[in-house]
$ cat run_24.cif   # mmCIF, C-alpha atoms
data_model
#
loop_
_atom_site.label_atom_id
_atom_site.label_comp_id
_atom_site.auth_asym_id
_atom_site.auth_seq_id
_atom_site.Cartn_x
_atom_site.Cartn_y
_atom_site.Cartn_z
CA MET A 1 95.95 -88.92 -17.20
CA ARG A 2 94.68 -85.40 -17.52
CA LEU A 3 93.86 -83.39 -14.41
CA ARG A 4 90.24 -82.29 -14.48
CA ASN A 5 89.32 -80.95 -11.07
CA ILE A 6 91.61 -78.22 -9.77
CA PRO A 7 89.61 -75.94 -7.45
CA GLY A 8 89.43 -72.39 -8.77
CA SER A 9 90.55 -73.24 -12.30
CA ARG A 10 87.37 -71.90 -13.91
CA GLU A 11 87.71 -68.63 -12.01
CA VAL A 12 91.30 -68.18 -13.18
CA ILE A 13 90.29 -68.90 -16.77
CA ALA A 14 87.41 -66.42 -16.58
CA GLU A 15 89.82 -63.65 -15.60
CA SER A 16 92.68 -64.55 -17.92
CA PRO A 17 93.55 -62.12 -20.76
CA PHE A 18 94.97 -65.08 -22.68
CA VAL A 19 91.54 -66.68 -23.12
CA VAL A 20 88.71 -65.61 -25.43
CA HIS A 21 85.53 -65.79 -23.35
CA ASP A 22 82.88 -64.95 -25.97
CA GLU A 23 84.22 -67.22 -28.67
CA GLU A 24 80.98 -67.63 -30.61
CA SER A 25 80.80 -63.87 -31.18
CA MET A 26 84.18 -64.12 -32.91
CA LYS A 27 82.91 -66.26 -35.79
CA GLY A 28 84.12 -64.63 -39.01
CA LYS A 29 86.06 -62.01 -37.04
CA TRP A 30 89.28 -63.77 -36.05
CA ARG A 31 91.50 -61.77 -38.37
CA GLU A 32 90.01 -58.63 -36.90
CA PHE A 33 90.78 -60.04 -33.44
CA PHE A 34 94.45 -60.55 -34.31
CA GLY A 35 94.62 -57.31 -36.26
CA ASN A 36 96.08 -58.84 -39.43
CA ASP A 37 95.35 -61.15 -42.36
CA ASN A 38 97.87 -63.82 -41.39
CA PRO A 39 96.92 -67.52 -41.66
CA ILE A 40 95.01 -69.01 -38.75
CA HIS A 41 96.08 -72.38 -37.33
CA ILE A 42 94.15 -74.09 -34.55
CA GLU A 43 95.07 -76.97 -32.27
CA ILE A 44 92.13 -78.98 -30.95
CA GLY A 45 92.89 -80.53 -27.58
CA MET A 46 96.03 -78.52 -26.93
CA GLY A 47 96.70 -79.97 -23.48
CA LYS A 48 99.13 -77.87 -21.48
CA GLY A 49 100.05 -75.81 -24.52
CA THR A 50 103.63 -76.89 -25.20
CA PHE A 51 103.11 -77.51 -28.92
CA ILE A 52 101.05 -74.46 -29.76
CA MET A 53 103.17 -72.02 -27.76
CA GLU A 54 106.38 -73.20 -29.41
CA SER A 55 104.67 -73.08 -32.81
CA ALA A 56 103.55 -69.49 -32.22
CA LYS A 57 107.03 -68.43 -31.12
CA ARG A 58 108.65 -70.01 -34.17
CA ASN A 59 106.08 -68.58 -36.60
CA PRO A 60 105.18 -64.98 -35.68
CA ASP A 61 103.43 -64.49 -39.05
CA ILE A 62 100.83 -67.16 -38.25
CA ASN A 63 97.97 -66.71 -35.78
CA TYR A 64 97.37 -69.62 -33.42
CA ILE A 65 94.27 -70.58 -31.45
CA GLY A 66 94.49 -73.35 -28.87
CA ILE A 67 91.28 -75.18 -27.95
CA GLU A 68 90.99 -77.20 -24.75
CA LYS A 69 87.82 -78.38 -23.03
CA TYR A 70 89.23 -79.29 -19.64
CA SER A 71 89.60 -76.31 -17.33
CA SER A 72 92.31 -77.85 -15.18
CA VAL A 73 94.44 -78.55 -18.26
CA LEU A 74 93.88 -75.11 -19.77
CA LEU A 75 94.96 -73.66 -16.43
CA ARG A 76 98.42 -75.18 -16.95
CA ALA A 77 98.68 -73.56 -20.38
CA ILE A 78 97.71 -70.19 -18.90
CA GLU A 79 100.41 -70.58 -16.27
CA LYS A 80 102.96 -71.26 -19.03
CA ARG A 81 101.79 -68.15 -20.90
CA GLU A 82 102.20 -66.09 -17.77
CA GLN A 83 105.73 -67.41 -17.32
CA GLU A 84 106.55 -66.58 -20.93
CA LYS A 85 105.26 -63.03 -20.48
CA GLU A 86 107.33 -62.58 -17.32
CA GLN A 87 110.36 -63.58 -19.40
CA GLY A 88 109.50 -60.97 -22.03
CA ASN A 89 107.75 -63.30 -24.49
CA ASP A 90 104.23 -61.94 -24.92
CA ILE A 91 103.34 -64.18 -27.94
CA PRO A 92 100.72 -61.81 -29.43
CA ASN A 93 99.83 -64.28 -32.20
CA LEU A 94 98.37 -66.83 -29.76
CA THR A 95 95.12 -67.10 -27.84
CA PHE A 96 93.19 -69.86 -26.06
CA ILE A 97 89.57 -71.03 -25.95
CA ARG A 98 87.94 -73.33 -23.41
CA MET A 99 85.36 -75.29 -25.33
CA ASP A 100 84.38 -78.69 -26.69
CA ALA A 101 85.51 -79.27 -30.28
CA GLU A 102 81.97 -80.35 -31.12
CA TYR A 103 81.03 -76.68 -31.39
CA ILE A 104 83.82 -75.38 -33.63
CA GLU A 105 81.38 -74.51 -36.41
CA ASN A 106 79.81 -72.00 -34.01
CA VAL A 107 83.20 -70.33 -33.53
CA PHE A 108 84.83 -70.37 -36.97
CA ASP A 109 83.31 -69.32 -40.28
CA LYS A 110 83.66 -70.99 -43.67
CA ASP A 111 87.21 -70.65 -45.06
CA GLU A 112 88.41 -68.97 -41.85
CA VAL A 113 90.91 -71.62 -40.72
CA ASP A 114 94.04 -72.54 -42.68
CA ASN A 115 95.38 -75.55 -40.75
CA ILE A 116 94.24 -77.80 -37.91
CA PHE A 117 96.45 -79.79 -35.54
CA LEU A 118 95.23 -82.86 -33.65
CA ASN A 119 97.89 -84.10 -31.25
CA PHE A 120 97.43 -87.29 -29.21
CA SER A 121 93.68 -87.04 -29.14
CA ASP A 122 91.54 -89.23 -26.90
CA PRO A 123 91.31 -92.60 -28.74
CA TRP A 124 87.79 -93.41 -27.50
CA PRO A 125 88.64 -97.13 -27.94
CA LYS A 126 85.11 -98.56 -27.71
CA ASP A 127 83.33 -98.86 -31.05
CA ARG A 128 80.20 -97.17 -29.74
CA ASN A 129 82.25 -94.04 -29.09
CA ALA A 130 83.93 -93.91 -32.52
CA LYS A 131 81.96 -90.82 -33.52
CA ARG A 132 83.65 -88.91 -30.69
CA ARG A 133 87.11 -89.39 -32.16
CA LEU A 134 88.48 -86.15 -33.58
CA THR A 135 89.26 -87.97 -36.84
CA SER A 136 85.79 -89.47 -37.26
CA ASP A 137 83.74 -88.67 -40.34
CA ARG A 138 81.57 -86.38 -38.23
CA PHE A 139 84.54 -84.25 -37.21
CA LEU A 140 86.16 -84.32 -40.65
CA LYS A 141 82.94 -82.80 -42.03
CA ARG A 142 83.15 -80.05 -39.42
CA TYR A 143 86.71 -79.28 -40.45
CA THR A 144 85.61 -79.06 -44.08
CA ASN A 145 83.06 -76.44 -43.08
CA ILE A 146 85.61 -74.09 -41.48
CA MET A 147 88.82 -74.68 -43.45
CA LYS A 148 90.10 -73.19 -46.67
CA LYS A 149 90.04 -75.55 -49.61
CA ASP A 150 93.80 -76.14 -49.47
CA GLY A 151 93.88 -76.35 -45.68
CA LYS A 152 95.56 -79.26 -43.93
CA VAL A 153 94.85 -81.41 -40.89
CA THR A 154 97.93 -82.79 -39.15
CA PHE A 155 97.30 -85.70 -36.79
CA LYS A 156 99.79 -87.38 -34.46
CA THR A 157 99.27 -90.31 -32.11
CA ASP A 158 101.08 -93.28 -30.61
CA ASN A 159 97.86 -95.32 -30.73
CA ILE A 160 98.10 -97.59 -33.78
CA MET A 161 94.43 -98.61 -33.70
CA LEU A 162 93.35 -94.96 -33.69
CA PHE A 163 95.82 -94.19 -36.46
CA ASP A 164 94.53 -97.03 -38.65
CA PHE A 165 90.97 -95.84 -38.06
CA SER A 166 91.95 -92.25 -38.92
CA VAL A 167 93.72 -93.15 -42.16
CA GLU A 168 90.81 -95.29 -43.35
CA THR A 169 88.21 -92.69 -42.37
CA ALA A 170 90.10 -89.94 -44.20
CA LYS A 171 90.19 -92.09 -47.35
CA GLU A 172 86.50 -92.99 -47.07
CA CYS A 173 85.59 -89.31 -46.70
CA GLY A 174 87.53 -88.33 -49.81
CA TRP A 175 90.45 -86.56 -48.17
CA ASN A 176 93.88 -86.71 -49.80
CA ILE A 177 96.66 -88.14 -47.64
CA LEU A 178 99.78 -86.04 -48.16
CA VAL A 179 101.88 -87.69 -45.44
CA GLU A 180 101.50 -91.04 -43.69
CA THR A 181 104.24 -92.36 -41.43
CA ARG A 182 104.18 -94.85 -38.58
CA ASP A 183 107.57 -93.86 -37.24
CA LEU A 184 107.72 -90.07 -37.37
CA HIS A 185 110.91 -89.60 -35.38
CA ASN A 186 112.87 -91.84 -37.76
CA SER A 187 111.38 -90.42 -40.93
CA GLU A 188 112.13 -87.55 -43.29
CA TYR A 189 109.12 -85.70 -41.84
CA ASN A 190 110.67 -85.26 -38.39
CA GLU A 191 112.66 -82.17 -39.36
CA GLY A 192 111.11 -79.19 -37.59
CA ASN A 193 108.73 -81.42 -35.63
CA ILE A 194 107.56 -79.87 -32.34
CA MET A 195 106.87 -82.47 -29.68
CA THR A 196 103.88 -82.30 -27.36
CA GLU A 197 104.01 -83.34 -23.71
CA TYR A 198 102.49 -86.73 -24.57
CA GLU A 199 104.73 -87.19 -27.59
CA LYS A 200 107.85 -86.81 -25.48
CA LYS A 201 106.45 -89.09 -22.79
CA PHE A 202 105.47 -91.86 -25.19
CA SER A 203 108.63 -91.53 -27.27
CA ASP A 204 110.75 -91.86 -24.14
CA LEU A 205 108.86 -95.09 -23.42
CA GLY A 206 109.88 -96.41 -26.83
CA HIS A 207 106.53 -95.94 -28.55
CA LYS A 208 106.61 -95.11 -32.26
CA ILE A 209 104.80 -91.93 -33.23
CA ASN A 210 102.34 -92.05 -36.12
CA MET A 211 101.53 -88.98 -38.20
CA MET A 212 99.30 -88.19 -41.14
CA ILE A 213 98.69 -84.92 -42.96
CA ILE A 214 95.51 -84.71 -45.00
CA THR A 215 93.87 -82.12 -47.23
CA GLN A 216 90.48 -81.86 -48.89
#

$ encode --input "run_24.cif" --output "structure tokens"
Amino acid sequence: MRLRNIPGSREVIAESPFVVHDEESMKGKWREFFGNDNPIHIEIGMGKGTFIMESAKRNPDINYIGIEKYSSVLLRAIEKREQEKEQGNDIPNLTFIRMDAEYIENVFDKDEVDNIFLNFSDPWPKDRNAKRRLTSDRFLKRYTNIMKKDGKVTFKTDNIMLFDFSVETAKECGWNILVETRDLHNSEYNEGNIMTEYEKKFSDLGHKINMMIITQ
């Protein structure tokens, strides 16, 4: 379970140079922020940052933005960034935002984002909360409004009910499914896969990892 109430976490975040604090003013200006025209990839619900930091280190010609709404979780990612910097790894192509994904259209302009990663998102298991799932039709529409036409959404989860829902919703909303696997680690798509904290935990417990990649 995610930590949500670490005293002082908001203060640390407010002072961190690794976090963009006026994110809505950056709409349409992210390439200016990074100082280049490289592709922009975002991870929504980045957790403690393992996936996005490793992605940024492996791909210096891609700009990464990690989004996390829980301060106490973002604090852990900041601590990891600080450790990386102390070890000489500044990771200039990576920044963080503390925000709820519901407001991404206020932060990113049309055609500004190339790829989106959704890793082990909250399943919101009750039907009445389906619209809160990051693969719901409401969120898929938001992604359409900020992504390039050939942009991709990559979604991973160990929750089979959430995965089934996500695949069906993508089809109903007219997205093309490029990849669909219910056992990622034993599939051809596992090469180059970067595991998140939850992915490693669930995989170690014997859970199969589901993944889909969709495009508009």

$ closest_residue --input "run_24.cif" --among "A:Asn210, A:Val167, A:Thr154, A:Met26" --to "Thr181 of chain A" --atoms "only C-alpha atoms"
A:Asn210

$ residues_around --input "run_24.cif" --residues "segment 68-80 of chain A" --least-positions-apart "2" --cutoff "8 Å" --atoms "only C-alpha atoms" --output "list in words"
Arg2, Leu3, Arg4, Asn5, Ile6, Ser9, Arg10, Val12, Ile13, Ser16, Phe18, Ile44, Gly45, Met46, Gly47, Lys48, Gly49, Thr50, Gly66, Glu82, Gln83, Glu84, Phe96, Ile97, Arg98, Met99, Asp100 and Ala101 of chain A

$ resolve_selection --input "run_24.cif" --expression "the PyMOL selection byres ((chain A and resi 115) around 8)" --output "list in words"
Ile40, His41, Ile42, Val113, Asp114, Ile116, Phe117, Met147, Gly151, Lys152, Val153 and Thr154 of chain A

$ resolve_selection --input "run_24.cif" --expression "the PyMOL selection byres ((chain A and resi 189-200) around 8)" --output "VMD selection string"
chain A and resid 48 50 to 51 54 to 55 119 to 120 157 to 158 184 to 188 201 to 204 209

$ resolve_selection --input "run_24.cif" --expression "the PyMOL selection byres ((chain A and resi 212) around 9)" --output "list in words"
Val153, Thr154, Phe155, Lys156, Phe163, Ser166, Val167, Ile177, Leu178, Val179, Glu180, Thr181, Arg182, Asn210, Met211, Ile213 and Ile214 of chain A

$ write_last_selection --input "run_24.cif" --atoms "C-alpha atoms" --output "PDB file, keeping the file's coordinate frame"
ATOM      1  CA  VAL A 153      94.850 -81.410 -40.890  1.00  0.00           C
ATOM      2  CA  THR A 154      97.930 -82.790 -39.150  1.00  0.00           C
ATOM      3  CA  PHE A 155      97.300 -85.700 -36.790  1.00  0.00           C
ATOM      4  CA  LYS A 156      99.790 -87.380 -34.460  1.00  0.00           C
ATOM      5  CA  PHE A 163      95.820 -94.190 -36.460  1.00  0.00           C
ATOM      6  CA  SER A 166      91.950 -92.250 -38.920  1.00  0.00           C
ATOM      7  CA  VAL A 167      93.720 -93.150 -42.160  1.00  0.00           C
ATOM      8  CA  ILE A 177      96.660 -88.140 -47.640  1.00  0.00           C
ATOM      9  CA  LEU A 178      99.780 -86.040 -48.160  1.00  0.00           C
ATOM     10  CA  VAL A 179     101.880 -87.690 -45.440  1.00  0.00           C
ATOM     11  CA  GLU A 180     101.500 -91.040 -43.690  1.00  0.00           C
ATOM     12  CA  THR A 181     104.240 -92.360 -41.430  1.00  0.00           C
ATOM     13  CA  ARG A 182     104.180 -94.850 -38.580  1.00  0.00           C
ATOM     14  CA  ASN A 210     102.340 -92.050 -36.120  1.00  0.00           C
ATOM     15  CA  MET A 211     101.530 -88.980 -38.200  1.00  0.00           C
ATOM     16  CA  ILE A 213      98.690 -84.920 -42.960  1.00  0.00           C
ATOM     17  CA  ILE A 214      95.510 -84.710 -45.000  1.00  0.00           C
TER      18      ILE A 214
END

$ closest_residue --input "run_24.cif" --among "A:Thr135, A:Asn159, A:Asn59, A:Asn106" --to "Gly28 of chain A" --atoms "only C-alpha atoms"
A:Asn106

$ atom_distance --input "run_24.cif" --atom1 "atom CA of Asp37 of chain A" --atom2 "atom CA of Ile62 of chain A"
9.1 Å

$ atom_distance --input "run_24.cif" --atom1 "atom CA of Leu162 of chain A" --atom2 "atom CA of Asp137 of chain A"
13.3 Å

$ atom_distance --input "run_24.cif" --atom1 "atom CA of Arg31 of chain A" --atom2 "atom CA of Leu140 of chain A"
23.3 Å

$ axis_aligned_box --input "run_24.cif" --around "segment 66-74 of chain A" --padding-each-side "4 Å" --output "lines of an AutoDock Vina configuration file"
center_x = 91.2
center_y = -76.3
center_z = -22.0
size_x = 14.7
size_y = 13.9
size_z = 21.7

$ residues_near_point --input "run_24.cif" --point "(87.6, -78.0, -55.2)" --cutoff "9 Å" --atoms "all atoms listed in the file" --output "list in words"
Lys149, Asp150 and Gln216 of chain A

$ closest_residue --input "run_24.cif" --among "A:Ile67, A:Leu118, A:Leu94, A:Ala56" --to "Phe33 of chain A" --atoms "only C-alpha atoms"
A:Leu94

$ closest_residue --input "run_24.cif" --among "A:Arg128, A:His21, A:Lys29, A:His207" --to "Ile160 of chain A" --atoms "all atoms listed in the file"
A:His207

$ closest_residue --input "run_24.cif" --among "A:Asp111, A:Lys85, A:Leu134, A:Ile91" --to "Lys148 of chain A" --atoms "only C-alpha atoms"
A:Asp111

$ residues_around --input "run_24.cif" --residues "Val107 of chain A" --least-positions-apart "2" --cutoff "6 Å" --atoms "all atoms listed in the file" --output "ChimeraX atom specification"
/A:23-24,27,104-105
